[in-house]
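The structure under discussion appears below in the form of C-alpha cells.
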Amino acid sequence: MAQVLRRAQSPARGAVLVAVLGLSLLYIVGLDQGWLLSVAQGSAAFDQNLIHEFVHDARHTAAFPCH
C-alpha cells in the first residue's frame, strides 16, 4: 500500500516541478532586469543587464516589451 501512495504523489510532484521551472524561466526571460545576477555582481548587474541582452529576441517573440 505504501508503494501505491508513493506513485500517486509522484505526478503531483512532477507537476509542481514543471510549474516552478516554467515560472522561473518566465521570470528570467520576461522580467529580469539585472536582479538575478545582482546577487553575484552587485550593482554592475543592473548596468550590464546580461540576461536581458542574452534573451532579448526571446522577449520579443514572447511579446514582452522591453524598449
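Letters A, B, ... go to the chains of the C-alpha cells in the order shown; residues in each chain start at 1; ligands are counted from 1 in the same order.
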
Contacts of A:Asp32 within 9 Å, only C-alpha atoms, excl. fewer than 6 positions in-chain, as a short mmCIF file (atom, residue, chain, number, x, y, z; two decimals) with N, CA and C atoms, in the first residue's frame:
data_model
loop_
_atom_site.label_atom_id
_atom_site.label_comp_id
_atom_site.auth_asym_id
_atom_site.auth_seq_id
_atom_site.Cartn_x
_atom_site.Cartn_y
_atom_site.Cartn_z
N ASN A 49 23.12 44.22 -17.53
CA ASN A 49 21.87 43.60 -17.95
C ASN A 49 22.11 42.40 -18.87
N ILE A 51 21.51 39.07 -18.75
CA ILE A 51 20.43 38.14 -19.07
C ILE A 51 19.45 38.76 -20.05
N HIS A 52 19.13 40.02 -19.86
CA HIS A 52 18.23 40.71 -20.78
C HIS A 52 18.78 40.69 -22.20
#

Let's see if you can do this: from backbone DSSP, list all helix (DSSP H, G or I) residues in stretch 3-65 of chain A, as an MDAnalysis selection string.
chainID A and resid 3:31 35:41 44:48 50:54 56:61

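We find atom CA of A:Val29 and atom CA of A:His67 to be spaced 14.4 Å apart.
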
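Relative to atom CA of A:Arg13, atom CA of A:Trp35 is found at 28.1 Å.
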